[in-house]
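Source file: final-v8.cif (mmCIF, N, CA and C atoms)
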```
data_coords
loop_
_atom_site.label_atom_id
_atom_site.label_comp_id
_atom_site.auth_asym_id
_atom_site.auth_seq_id
_atom_site.Cartn_x
_atom_site.Cartn_y
_atom_site.Cartn_z
N MET A 825 26.30 0.44 16.93
CA MET A 825 25.96 -0.38 18.08
C MET A 825 25.08 -1.52 17.58
N SER A 826 25.44 -2.75 17.90
CA SER A 826 24.62 -3.88 17.47
C SER A 826 23.51 -4.11 18.47
N CYS A 827 22.55 -4.93 18.09
CA CYS A 827 21.40 -5.16 18.96
C CYS A 827 21.80 -5.87 20.25
N HIS A 828 22.88 -6.70 20.23
CA HIS A 828 23.31 -7.40 21.45
C HIS A 828 23.78 -6.38 22.48
N GLU A 829 24.30 -5.25 21.99
CA GLU A 829 24.85 -4.24 22.89
C GLU A 829 23.80 -3.29 23.45
N CYS A 830 22.61 -3.26 22.88
CA CYS A 830 21.61 -2.33 23.38
C CYS A 830 20.95 -2.91 24.63
N SER A 831 20.60 -2.03 25.52
CA SER A 831 19.99 -2.47 26.77
C SER A 831 18.53 -2.79 26.56
N SER A 832 17.97 -3.50 27.49
CA SER A 832 16.55 -3.83 27.46
C SER A 832 15.73 -2.55 27.48
N GLU A 833 16.21 -1.56 28.22
CA GLU A 833 15.50 -0.28 28.30
C GLU A 833 15.50 0.43 26.94
N SER A 834 16.65 0.40 26.24
CA SER A 834 16.72 1.02 24.91
C SER A 834 15.77 0.32 23.94
N TYR A 835 15.75 -0.99 24.01
CA TYR A 835 14.86 -1.78 23.14
C TYR A 835 13.40 -1.42 23.42
N ASP A 836 13.03 -1.37 24.70
CA ASP A 836 11.65 -1.04 25.07
C ASP A 836 11.27 0.36 24.60
N LYS A 837 12.19 1.32 24.77
CA LYS A 837 11.93 2.68 24.32
C LYS A 837 11.78 2.74 22.80
N ALA A 838 12.62 2.00 22.10
CA ALA A 838 12.56 1.97 20.64
C ALA A 838 11.24 1.35 20.18
N GLU A 839 10.84 0.29 20.81
CA GLU A 839 9.58 -0.36 20.45
C GLU A 839 8.39 0.58 20.69
N ALA A 840 8.41 1.27 21.81
CA ALA A 840 7.33 2.22 22.13
C ALA A 840 7.33 3.38 21.13
N TRP A 841 8.51 3.87 20.78
CA TRP A 841 8.60 4.96 19.81
C TRP A 841 8.02 4.51 18.46
N CYS A 842 8.34 3.31 18.04
CA CYS A 842 7.84 2.79 16.76
C CYS A 842 6.31 2.71 16.78
N ARG A 843 5.76 2.16 17.83
CA ARG A 843 4.30 2.04 17.92
C ARG A 843 3.64 3.42 17.87
N GLU A 844 4.21 4.38 18.60
CA GLU A 844 3.66 5.74 18.64
C GLU A 844 3.77 6.42 17.27
N ALA A 845 4.93 6.30 16.63
CA ALA A 845 5.14 6.94 15.33
C ALA A 845 4.17 6.39 14.29
N VAL A 846 3.94 5.09 14.33
CA VAL A 846 3.03 4.46 13.37
C VAL A 846 1.58 4.85 13.67
N SER A 847 1.17 4.73 14.91
CA SER A 847 -0.23 5.01 15.24
C SER A 847 -0.58 6.49 15.07
N ALA A 848 0.40 7.37 15.25
CA ALA A 848 0.16 8.81 15.09
C ALA A 848 0.23 9.26 13.63
N GLY A 849 0.66 8.37 12.74
CA GLY A 849 0.77 8.75 11.33
C GLY A 849 1.88 9.76 11.10
N HIS A 850 3.02 9.51 11.73
CA HIS A 850 4.18 10.41 11.62
C HIS A 850 4.46 10.74 10.16
N ASP A 851 4.85 11.99 9.90
CA ASP A 851 5.14 12.44 8.53
C ASP A 851 6.16 11.56 7.81
N MET A 852 7.04 10.94 8.58
CA MET A 852 8.07 10.11 7.95
C MET A 852 7.48 8.91 7.20
N LEU A 853 6.24 8.54 7.53
CA LEU A 853 5.59 7.44 6.83
C LEU A 853 5.26 7.78 5.39
N PHE A 854 5.31 9.07 5.06
CA PHE A 854 4.89 9.52 3.75
C PHE A 854 6.01 10.20 2.95
N SER A 855 7.26 10.05 3.42
CA SER A 855 8.40 10.65 2.74
C SER A 855 9.65 9.79 2.97
N ILE A 856 10.23 9.31 1.89
CA ILE A 856 11.43 8.45 2.01
C ILE A 856 12.57 9.20 2.67
N ASP A 857 12.79 10.44 2.25
CA ASP A 857 13.90 11.22 2.82
C ASP A 857 13.69 11.45 4.32
N SER A 858 12.49 11.83 4.69
CA SER A 858 12.17 12.06 6.09
C SER A 858 12.30 10.77 6.89
N PHE A 859 11.87 9.66 6.30
CA PHE A 859 11.95 8.37 6.98
C PHE A 859 13.39 8.02 7.33
N SER A 860 14.27 8.10 6.35
CA SER A 860 15.67 7.75 6.58
C SER A 860 16.32 8.64 7.63
N ALA A 861 16.10 9.94 7.52
CA ALA A 861 16.69 10.88 8.48
C ALA A 861 16.16 10.64 9.89
N GLU A 862 14.87 10.42 10.01
CA GLU A 862 14.27 10.19 11.33
C GLU A 862 14.76 8.89 11.96
N MET A 863 14.88 7.84 11.16
CA MET A 863 15.34 6.56 11.69
C MET A 863 16.78 6.66 12.19
N ILE A 864 17.62 7.38 11.47
CA ILE A 864 19.01 7.56 11.89
C ILE A 864 19.06 8.37 13.18
N ALA A 865 18.29 9.44 13.25
CA ALA A 865 18.28 10.29 14.45
C ALA A 865 17.79 9.52 15.67
N VAL A 866 16.71 8.77 15.52
CA VAL A 866 16.15 8.02 16.66
C VAL A 866 17.09 6.88 17.05
N SER A 867 17.72 6.26 16.06
CA SER A 867 18.69 5.20 16.34
C SER A 867 19.81 5.74 17.23
N ASN A 868 20.33 6.89 16.88
CA ASN A 868 21.40 7.50 17.68
C ASN A 868 20.91 7.92 19.06
N GLU A 869 19.72 8.47 19.11
CA GLU A 869 19.15 8.94 20.37
C GLU A 869 18.90 7.80 21.35
N LEU A 870 18.39 6.67 20.84
CA LEU A 870 18.04 5.56 21.72
C LEU A 870 19.15 4.53 21.89
N GLY A 871 20.21 4.66 21.12
CA GLY A 871 21.32 3.73 21.25
C GLY A 871 20.99 2.33 20.74
N ILE A 872 20.29 2.27 19.62
CA ILE A 872 19.93 0.99 19.01
C ILE A 872 20.28 1.09 17.52
N SER A 873 20.69 0.00 16.92
CA SER A 873 21.10 0.05 15.51
C SER A 873 19.93 0.41 14.62
N VAL A 874 20.24 1.01 13.49
CA VAL A 874 19.21 1.37 12.51
C VAL A 874 18.51 0.10 12.02
N GLN A 875 19.26 -0.98 11.84
CA GLN A 875 18.66 -2.23 11.38
C GLN A 875 17.65 -2.76 12.39
N ALA A 876 18.01 -2.73 13.66
CA ALA A 876 17.08 -3.19 14.70
C ALA A 876 15.86 -2.29 14.77
N LEU A 877 16.08 -0.98 14.67
CA LEU A 877 14.97 -0.04 14.70
C LEU A 877 14.04 -0.24 13.49
N ASN A 878 14.63 -0.48 12.32
CA ASN A 878 13.82 -0.77 11.13
C ASN A 878 12.97 -2.02 11.33
N SER A 879 13.55 -3.03 11.93
CA SER A 879 12.81 -4.26 12.18
C SER A 879 11.64 -4.02 13.14
N LEU A 880 11.89 -3.31 14.21
CA LEU A 880 10.83 -2.98 15.16
C LEU A 880 9.74 -2.14 14.49
N PHE A 881 10.19 -1.21 13.65
CA PHE A 881 9.24 -0.34 12.97
C PHE A 881 8.36 -1.13 12.00
N ARG A 882 8.97 -2.03 11.23
CA ARG A 882 8.18 -2.87 10.31
C ARG A 882 7.14 -3.67 11.07
N ASN A 883 7.54 -4.24 12.20
CA ASN A 883 6.58 -5.02 13.01
C ASN A 883 5.42 -4.15 13.49
N ALA A 884 5.73 -2.96 13.97
CA ALA A 884 4.69 -2.05 14.44
C ALA A 884 3.77 -1.64 13.28
N HIS A 885 4.36 -1.42 12.11
CA HIS A 885 3.57 -0.99 10.96
C HIS A 885 2.66 -2.12 10.47
N VAL A 886 3.16 -3.33 10.42
CA VAL A 886 2.33 -4.47 10.00
C VAL A 886 1.16 -4.65 10.97
N THR A 887 1.43 -4.55 12.25
CA THR A 887 0.36 -4.67 13.25
C THR A 887 -0.69 -3.59 13.04
N HIS A 888 -0.23 -2.37 12.81
CA HIS A 888 -1.15 -1.25 12.56
C HIS A 888 -2.00 -1.52 11.32
N LEU A 889 -1.39 -1.99 10.25
CA LEU A 889 -2.13 -2.26 9.02
C LEU A 889 -3.17 -3.36 9.21
N LYS A 890 -2.82 -4.37 9.96
CA LYS A 890 -3.77 -5.45 10.22
C LYS A 890 -4.98 -4.94 11.00
N ARG A 891 -4.73 -3.99 11.88
CA ARG A 891 -5.82 -3.44 12.69
C ARG A 891 -6.69 -2.43 11.94
N THR A 892 -6.12 -1.76 10.96
CA THR A 892 -6.84 -0.65 10.34
C THR A 892 -7.27 -0.85 8.89
N SER A 893 -6.70 -1.80 8.20
CA SER A 893 -6.99 -1.91 6.76
C SER A 893 -8.46 -2.20 6.48
N HIS A 894 -9.13 -2.93 7.36
CA HIS A 894 -10.55 -3.21 7.13
C HIS A 894 -11.38 -1.92 7.14
N SER A 895 -11.06 -1.00 8.02
CA SER A 895 -11.84 0.24 8.07
C SER A 895 -11.57 1.11 6.85
N VAL A 896 -10.34 1.10 6.35
CA VAL A 896 -10.03 1.86 5.14
C VAL A 896 -10.78 1.24 3.96
N ARG A 897 -10.77 -0.07 3.86
CA ARG A 897 -11.47 -0.74 2.76
C ARG A 897 -12.99 -0.56 2.87
N ASN A 898 -13.51 -0.49 4.09
CA ASN A 898 -14.94 -0.26 4.26
C ASN A 898 -15.37 1.12 3.76
N GLN A 899 -14.44 2.04 3.70
CA GLN A 899 -14.71 3.40 3.23
C GLN A 899 -14.24 3.62 1.79
N THR A 900 -14.06 2.55 1.05
CA THR A 900 -13.50 2.64 -0.30
C THR A 900 -14.21 3.66 -1.18
N MET A 901 -15.51 3.60 -1.25
CA MET A 901 -16.22 4.50 -2.16
C MET A 901 -16.07 5.96 -1.75
N ARG A 902 -15.96 6.23 -0.47
CA ARG A 902 -15.71 7.60 0.00
C ARG A 902 -14.34 8.07 -0.51
N HIS A 903 -13.33 7.18 -0.42
CA HIS A 903 -11.98 7.53 -0.90
C HIS A 903 -11.99 7.72 -2.41
N VAL A 904 -12.70 6.86 -3.13
CA VAL A 904 -12.78 6.99 -4.58
C VAL A 904 -13.42 8.32 -4.96
N LYS A 905 -14.52 8.68 -4.30
CA LYS A 905 -15.19 9.95 -4.59
C LYS A 905 -14.26 11.13 -4.31
N SER A 906 -13.55 11.08 -3.19
CA SER A 906 -12.61 12.16 -2.87
C SER A 906 -11.53 12.27 -3.93
N TYR A 907 -11.01 11.12 -4.34
CA TYR A 907 -9.98 11.10 -5.38
C TYR A 907 -10.51 11.68 -6.69
N LEU A 908 -11.69 11.26 -7.08
CA LEU A 908 -12.28 11.75 -8.33
C LEU A 908 -12.61 13.24 -8.25
N ASN A 909 -12.79 13.75 -7.04
CA ASN A 909 -13.05 15.18 -6.85
C ASN A 909 -11.77 15.99 -6.68
N GLY A 910 -10.61 15.34 -6.86
CA GLY A 910 -9.35 16.08 -6.88
C GLY A 910 -8.42 15.90 -5.70
N THR A 911 -8.81 15.14 -4.69
CA THR A 911 -7.92 14.92 -3.55
C THR A 911 -6.81 13.96 -3.97
N SER A 912 -5.58 14.31 -3.64
CA SER A 912 -4.46 13.46 -4.04
C SER A 912 -4.45 12.16 -3.23
N ILE A 913 -3.85 11.15 -3.81
CA ILE A 913 -3.72 9.87 -3.12
C ILE A 913 -2.89 10.04 -1.85
N LEU A 914 -1.85 10.85 -1.92
CA LEU A 914 -1.01 11.09 -0.74
C LEU A 914 -1.82 11.74 0.38
N LYS A 915 -2.65 12.71 0.04
CA LYS A 915 -3.47 13.37 1.06
C LYS A 915 -4.48 12.40 1.67
N LEU A 916 -5.09 11.56 0.84
CA LEU A 916 -6.03 10.54 1.34
C LEU A 916 -5.31 9.56 2.26
N ALA A 917 -4.12 9.15 1.84
CA ALA A 917 -3.34 8.20 2.64
C ALA A 917 -2.97 8.79 4.00
N LYS A 918 -2.53 10.05 4.00
CA LYS A 918 -2.20 10.70 5.27
C LYS A 918 -3.42 10.81 6.17
N LYS A 919 -4.54 11.17 5.60
CA LYS A 919 -5.77 11.33 6.39
C LYS A 919 -6.16 10.02 7.06
N CYS A 920 -5.94 8.91 6.37
CA CYS A 920 -6.32 7.59 6.90
C CYS A 920 -5.17 6.88 7.59
N ASN A 921 -3.98 7.49 7.57
CA ASN A 921 -2.78 6.85 8.12
C ASN A 921 -2.62 5.47 7.50
N PHE A 922 -2.55 5.47 6.17
CA PHE A 922 -2.50 4.25 5.38
C PHE A 922 -1.42 4.44 4.32
N PRO A 923 -0.65 3.43 3.99
CA PRO A 923 0.42 3.60 2.99
C PRO A 923 -0.13 4.09 1.64
N PRO A 924 0.53 5.09 1.07
CA PRO A 924 0.06 5.63 -0.21
C PRO A 924 -0.07 4.58 -1.32
N ALA A 925 0.85 3.65 -1.39
CA ALA A 925 0.78 2.62 -2.43
C ALA A 925 -0.45 1.74 -2.24
N MET A 926 -0.77 1.44 -1.00
CA MET A 926 -1.95 0.62 -0.73
C MET A 926 -3.23 1.42 -0.97
N MET A 927 -3.21 2.70 -0.67
CA MET A 927 -4.37 3.55 -0.94
C MET A 927 -4.58 3.64 -2.45
N ALA A 928 -3.50 3.77 -3.20
CA ALA A 928 -3.60 3.82 -4.65
C ALA A 928 -4.23 2.54 -5.19
N ARG A 929 -3.85 1.43 -4.62
CA ARG A 929 -4.42 0.16 -5.07
C ARG A 929 -5.92 0.09 -4.78
N VAL A 930 -6.32 0.50 -3.57
CA VAL A 930 -7.73 0.49 -3.20
C VAL A 930 -8.54 1.33 -4.20
N ILE A 931 -8.02 2.49 -4.54
CA ILE A 931 -8.71 3.38 -5.47
C ILE A 931 -8.69 2.79 -6.88
N LEU A 932 -7.54 2.35 -7.33
CA LEU A 932 -7.41 1.82 -8.68
C LEU A 932 -8.32 0.61 -8.91
N GLU A 933 -8.45 -0.23 -7.91
CA GLU A 933 -9.31 -1.41 -8.04
C GLU A 933 -10.77 -1.02 -8.29
N ASN A 934 -11.13 0.19 -7.93
CA ASN A 934 -12.52 0.63 -8.08
C ASN A 934 -12.73 1.68 -9.17
N VAL A 935 -11.66 2.21 -9.72
CA VAL A 935 -11.78 3.24 -10.75
C VAL A 935 -11.49 2.64 -12.13
N ALA A 936 -10.47 1.82 -12.22
CA ALA A 936 -10.06 1.27 -13.50
C ALA A 936 -11.00 0.16 -13.95
N VAL A 937 -11.26 0.13 -15.23
CA VAL A 937 -12.03 -0.96 -15.81
C VAL A 937 -11.03 -1.85 -16.53
N LEU A 938 -10.76 -2.99 -15.92
CA LEU A 938 -9.79 -3.91 -16.48
C LEU A 938 -10.51 -5.09 -17.09
N PRO A 939 -10.01 -5.59 -18.22
CA PRO A 939 -10.67 -6.74 -18.84
C PRO A 939 -10.49 -7.98 -17.97
N THR A 940 -11.50 -8.81 -17.95
CA THR A 940 -11.38 -10.07 -17.23
C THR A 940 -10.88 -11.11 -18.20
N ARG A 941 -10.38 -12.20 -17.70
CA ARG A 941 -9.83 -13.25 -18.56
C ARG A 941 -10.88 -13.79 -19.53
N GLN A 942 -12.11 -13.95 -19.09
CA GLN A 942 -13.12 -14.53 -19.95
C GLN A 942 -13.52 -13.61 -21.10
N HIS A 943 -13.22 -12.32 -21.00
CA HIS A 943 -13.59 -11.39 -22.06
C HIS A 943 -12.41 -11.01 -22.95
N GLN A 944 -11.24 -11.55 -22.68
CA GLN A 944 -10.08 -11.25 -23.50
C GLN A 944 -10.06 -12.18 -24.70
N PRO A 945 -9.68 -11.67 -25.87
CA PRO A 945 -9.58 -12.55 -27.03
C PRO A 945 -8.45 -13.55 -26.82
N PRO A 946 -8.55 -14.72 -27.45
CA PRO A 946 -7.47 -15.69 -27.29
C PRO A 946 -6.17 -15.13 -27.84
N SER A 947 -5.08 -15.60 -27.28
CA SER A 947 -3.79 -15.12 -27.76
C SER A 947 -3.54 -15.69 -29.15
N GLY A 948 -2.69 -15.05 -29.86
CA GLY A 948 -2.37 -15.52 -31.21
C GLY A 948 -2.23 -14.35 -32.15
N ASN A 949 -2.27 -14.65 -33.44
CA ASN A 949 -2.08 -13.56 -34.39
C ASN A 949 -3.35 -12.73 -34.53
N ILE A 950 -3.21 -11.59 -35.16
CA ILE A 950 -4.33 -10.66 -35.28
C ILE A 950 -5.47 -11.29 -36.07
N HIS A 951 -5.14 -12.06 -37.11
CA HIS A 951 -6.18 -12.70 -37.92
C HIS A 951 -7.04 -13.61 -37.05
N HIS A 952 -6.40 -14.38 -36.18
CA HIS A 952 -7.14 -15.27 -35.28
C HIS A 952 -8.03 -14.45 -34.35
N GLN A 953 -7.53 -13.33 -33.83
CA GLN A 953 -8.32 -12.49 -32.94
C GLN A 953 -9.50 -11.87 -33.70
N GLU A 954 -9.28 -11.46 -34.96
CA GLU A 954 -10.37 -10.90 -35.74
C GLU A 954 -11.45 -11.94 -35.99
N GLN A 955 -11.03 -13.19 -36.25
CA GLN A 955 -12.00 -14.26 -36.45
C GLN A 955 -12.83 -14.47 -35.19
N HIS A 956 -12.17 -14.45 -34.05
CA HIS A 956 -12.87 -14.63 -32.78
C HIS A 956 -13.91 -13.53 -32.57
N ILE A 957 -13.51 -12.31 -32.87
CA ILE A 957 -14.41 -11.16 -32.68
C ILE A 957 -15.57 -11.22 -33.67
N ASN A 958 -15.29 -11.66 -34.90
CA ASN A 958 -16.31 -11.68 -35.95
C ASN A 958 -17.06 -13.01 -36.02
N GLY A 959 -17.07 -13.77 -34.99
CA GLY A 959 -17.86 -15.00 -34.97
C GLY A 959 -17.15 -16.20 -35.56
N GLY A 960 -15.88 -16.32 -35.36
CA GLY A 960 -15.16 -17.51 -35.78
C GLY A 960 -14.82 -17.56 -37.25
N GLY A 961 -14.87 -16.45 -37.94
CA GLY A 961 -14.46 -16.41 -39.33
C GLY A 961 -15.58 -16.72 -40.31
N LYS A 962 -16.75 -17.08 -39.84
CA LYS A 962 -17.88 -17.37 -40.73
C LYS A 962 -18.65 -16.07 -40.97
N ASN A 963 -19.29 -16.03 -42.12
CA ASN A 963 -20.12 -14.84 -42.33
C ASN A 963 -21.44 -15.04 -41.58
N ASN A 964 -22.25 -14.06 -41.56
CA ASN A 964 -23.45 -14.08 -40.72
C ASN A 964 -24.46 -15.17 -41.08
N ASN A 965 -24.43 -15.68 -42.33
CA ASN A 965 -25.39 -16.71 -42.68
C ASN A 965 -24.84 -18.12 -42.51
N GLY A 966 -23.70 -18.23 -41.86
CA GLY A 966 -23.13 -19.53 -41.50
C GLY A 966 -22.31 -20.18 -42.60
N LYS A 967 -22.05 -19.51 -43.73
CA LYS A 967 -21.30 -20.11 -44.83
C LYS A 967 -19.83 -19.97 -44.61
#
```

For the file at hand, write its structure as structure tokens.
Amino acid sequence: MSCHECSSESYDKAEAWCREAVSAGHDMLFSIDSFSAEMIAVSNELGISVQALNSLFRNAHVTHLKRTSHSVRNQTMRHVKSYLNGTSILKLAKKCNFPPAMMARVILENVAVLPTRQHQPPSGNIHHQEQHINGGGKNNNGK
């Protein structure tokens, strides 16, 4: 069934279902297999195409993320501590109703020590990098 063929009532029901599924943190948000199966089932139940339902769902999810991402980021150190104490990223994401990939990024940004551009040796051959590290190739007395 294409979107032109769905009734206004079906569209409204689908939109409401998407908002509810997202705000409630439906299990399908955390499992690809569950997501696909649920979308097909709801599409058939409401008489709206899977493509239209996916579009409505993406819109509801983006709105949810815009409303909630600040609170998740405000609790970053709490999430990092939980992660370091053994809580899985998936479990943290479910608890906060936040995408696991985005939760992983929030944690990684605070756990990993990544070199900054100003502290990286210049590109080039190893000899050039060794010279940079050892003070430009001069010995300690400037000769």

- Given the choices A:Lys919, A:Ala848, A:Met926, A:Ile931, which gets closest to His903 of chain A if the distance is worked out from only N, CA and C atoms? A:Ile931

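When atom C of Arg929 of chain A is paired with atom CA of Arg843 of chain A, their separation reads 25.0 Å.
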
- Message: I'd like to know which of A:Ser895, A:Ser858, A:Ser867, A:Asn934 is closest to Leu908 of chain A, using only C-alpha atoms.
- Response: A:Asn934

- Task: Might you spell out which residues the PyMOL selection byres ((chain A and resi 876-880) around 7) would select in the displayed file, as a ChimeraX atom specification?
- Result: /A:827,838-839,842-843,867,872-875,881-885

- Message: Can you measure atom CA of Val930 of chain A to atom CA of Thr900 of chain A for me? One decimal in Å is fine.
- Response: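 So the two atoms, atom CA of Val930 of chain A and atom CA of Thr900 of chain A, lie 6.8 Å apart.
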
- Item | Computed interatomic separation between atom CA of Lys837 of chain A and atom CA of Arg891 of chain A (Å) |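 Those two atoms sit 22.1 Å apart.
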
- Rank A:Glu869, A:Ser860, A:Thr887, A:Phe854 by their smallest atom-to-atom distance to Ile913 of chain A, using only C-alpha atoms, and report the top residue only.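 The closest residue to Ile913 of chain A is A:Phe854.
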
- Enumerate the residues of segment 830-949 of chain A with a DSSP assignment of alpha helix (DSSP H), computed from the backbone, and present them as a PyMOL selection string. chain A and resi 832-847+856-870+874-898+900-908+913-920+924-935

- Nearest residue to Asn898 of chain A from the set A:Leu914, A:Val935, A:Ile856, A:Cys920 (distances using only C-alpha atoms): A:Cys920

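The nearest approach to Pro923 of chain A among the residues A:Asp857, A:Glu844, A:Glu833, A:Asp851, with only C-alpha atoms taken into account, belongs to A:Asp851.
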
Just add all heavy atoms to segment 837-846 of chain A and send it as an mmCIF file, keeping the file's coordinate frame.
```
data_model
loop_
_atom_site.group_PDB
_atom_site.id
_atom_site.type_symbol
_atom_site.label_atom_id
_atom_site.label_comp_id
_atom_site.auth_asym_id
_atom_site.auth_seq_id
_atom_site.Cartn_x
_atom_site.Cartn_y
_atom_site.Cartn_z
ATOM 1 N N LYS A 837 12.190 1.320 24.770
ATOM 2 C CA LYS A 837 11.930 2.680 24.320
ATOM 3 C C LYS A 837 11.780 2.740 22.800
ATOM 4 O O LYS A 837 10.912 3.436 22.283
ATOM 5 C CB LYS A 837 13.048 3.630 24.764
ATOM 6 C CG LYS A 837 13.004 3.990 26.232
ATOM 7 C CD LYS A 837 14.138 4.936 26.576
ATOM 8 C CE LYS A 837 14.099 5.297 28.057
ATOM 9 N NZ LYS A 837 15.216 6.201 28.412
ATOM 10 N N ALA A 838 12.620 2.000 22.100
ATOM 11 C CA ALA A 838 12.560 1.970 20.640
ATOM 12 C C ALA A 838 11.240 1.350 20.180
ATOM 13 O O ALA A 838 10.592 1.871 19.262
ATOM 14 C CB ALA A 838 13.739 1.182 20.073
ATOM 15 N N GLU A 839 10.840 0.290 20.810
ATOM 16 C CA GLU A 839 9.580 -0.360 20.450
ATOM 17 C C GLU A 839 8.390 0.580 20.690
ATOM 18 O O GLU A 839 7.498 0.699 19.856
ATOM 19 C CB GLU A 839 9.429 -1.658 21.253
ATOM 20 C CG GLU A 839 8.363 -2.577 20.742
ATOM 21 C CD GLU A 839 8.389 -3.917 21.447
ATOM 22 O OE1 GLU A 839 8.642 -3.967 22.669
ATOM 23 O OE2 GLU A 839 8.130 -4.910 20.758
ATOM 24 N N ALA A 840 8.410 1.270 21.810
ATOM 25 C CA ALA A 840 7.330 2.220 22.130
ATOM 26 C C ALA A 840 7.330 3.380 21.130
ATOM 27 O O ALA A 840 6.257 3.816 20.682
ATOM 28 C CB ALA A 840 7.492 2.745 23.558
ATOM 29 N N TRP A 841 8.510 3.870 20.780
ATOM 30 C CA TRP A 841 8.600 4.960 19.810
ATOM 31 C C TRP A 841 8.020 4.510 18.460
ATOM 32 O O TRP A 841 7.266 5.261 17.828
ATOM 33 C CB TRP A 841 10.051 5.423 19.628
ATOM 34 C CG TRP A 841 10.166 6.496 18.593
ATOM 35 C CD1 TRP A 841 9.962 7.831 18.765
ATOM 36 C CD2 TRP A 841 10.429 6.303 17.199
ATOM 37 N NE1 TRP A 841 10.106 8.485 17.556
ATOM 38 C CE2 TRP A 841 10.397 7.570 16.590
ATOM 39 C CE3 TRP A 841 10.718 5.188 16.420
ATOM 40 C CZ2 TRP A 841 10.629 7.749 15.226
ATOM 41 C CZ3 TRP A 841 10.938 5.367 15.067
ATOM 42 C CH2 TRP A 841 10.892 6.641 14.484
ATOM 43 N N CYS A 842 8.340 3.310 18.040
ATOM 44 C CA CYS A 842 7.840 2.790 16.760
ATOM 45 C C CYS A 842 6.310 2.710 16.780
ATOM 46 O O CYS A 842 5.662 3.153 15.820
ATOM 47 C CB CYS A 842 8.431 1.407 16.475
ATOM 48 S SG CYS A 842 10.191 1.433 16.076
ATOM 49 N N ARG A 843 5.760 2.160 17.830
ATOM 50 C CA ARG A 843 4.300 2.040 17.920
ATOM 51 C C ARG A 843 3.640 3.420 17.870
ATOM 52 O O ARG A 843 2.654 3.625 17.172
ATOM 53 C CB ARG A 843 3.891 1.315 19.201
ATOM 54 C CG ARG A 843 4.044 -0.185 19.132
ATOM 55 C CD ARG A 843 3.340 -0.882 20.290
ATOM 56 N NE ARG A 843 3.719 -0.356 21.592
ATOM 57 C CZ ARG A 843 4.712 -0.826 22.346
ATOM 58 N NH1 ARG A 843 5.416 -1.848 21.940
ATOM 59 N NH2 ARG A 843 4.970 -0.281 23.516
ATOM 60 N N GLU A 844 4.210 4.380 18.600
ATOM 61 C CA GLU A 844 3.660 5.740 18.640
ATOM 62 C C GLU A 844 3.770 6.420 17.270
ATOM 63 O O GLU A 844 2.830 7.050 16.799
ATOM 64 C CB GLU A 844 4.357 6.573 19.710
ATOM 65 C CG GLU A 844 3.947 8.033 19.745
ATOM 66 C CD GLU A 844 2.453 8.266 19.969
ATOM 67 O OE1 GLU A 844 1.788 7.421 20.600
ATOM 68 O OE2 GLU A 844 1.953 9.298 19.496
ATOM 69 N N ALA A 845 4.930 6.300 16.630
ATOM 70 C CA ALA A 845 5.140 6.940 15.330
ATOM 71 C C ALA A 845 4.170 6.390 14.290
ATOM 72 O O ALA A 845 3.596 7.143 13.497
ATOM 73 C CB ALA A 845 6.588 6.728 14.866
ATOM 74 N N VAL A 846 3.940 5.090 14.330
ATOM 75 C CA VAL A 846 3.030 4.460 13.370
ATOM 76 C C VAL A 846 1.580 4.850 13.670
ATOM 77 O O VAL A 846 0.846 5.278 12.784
ATOM 78 C CB VAL A 846 3.202 2.926 13.362
ATOM 79 C CG1 VAL A 846 2.076 2.247 12.604
ATOM 80 C CG2 VAL A 846 4.544 2.541 12.759
#
```
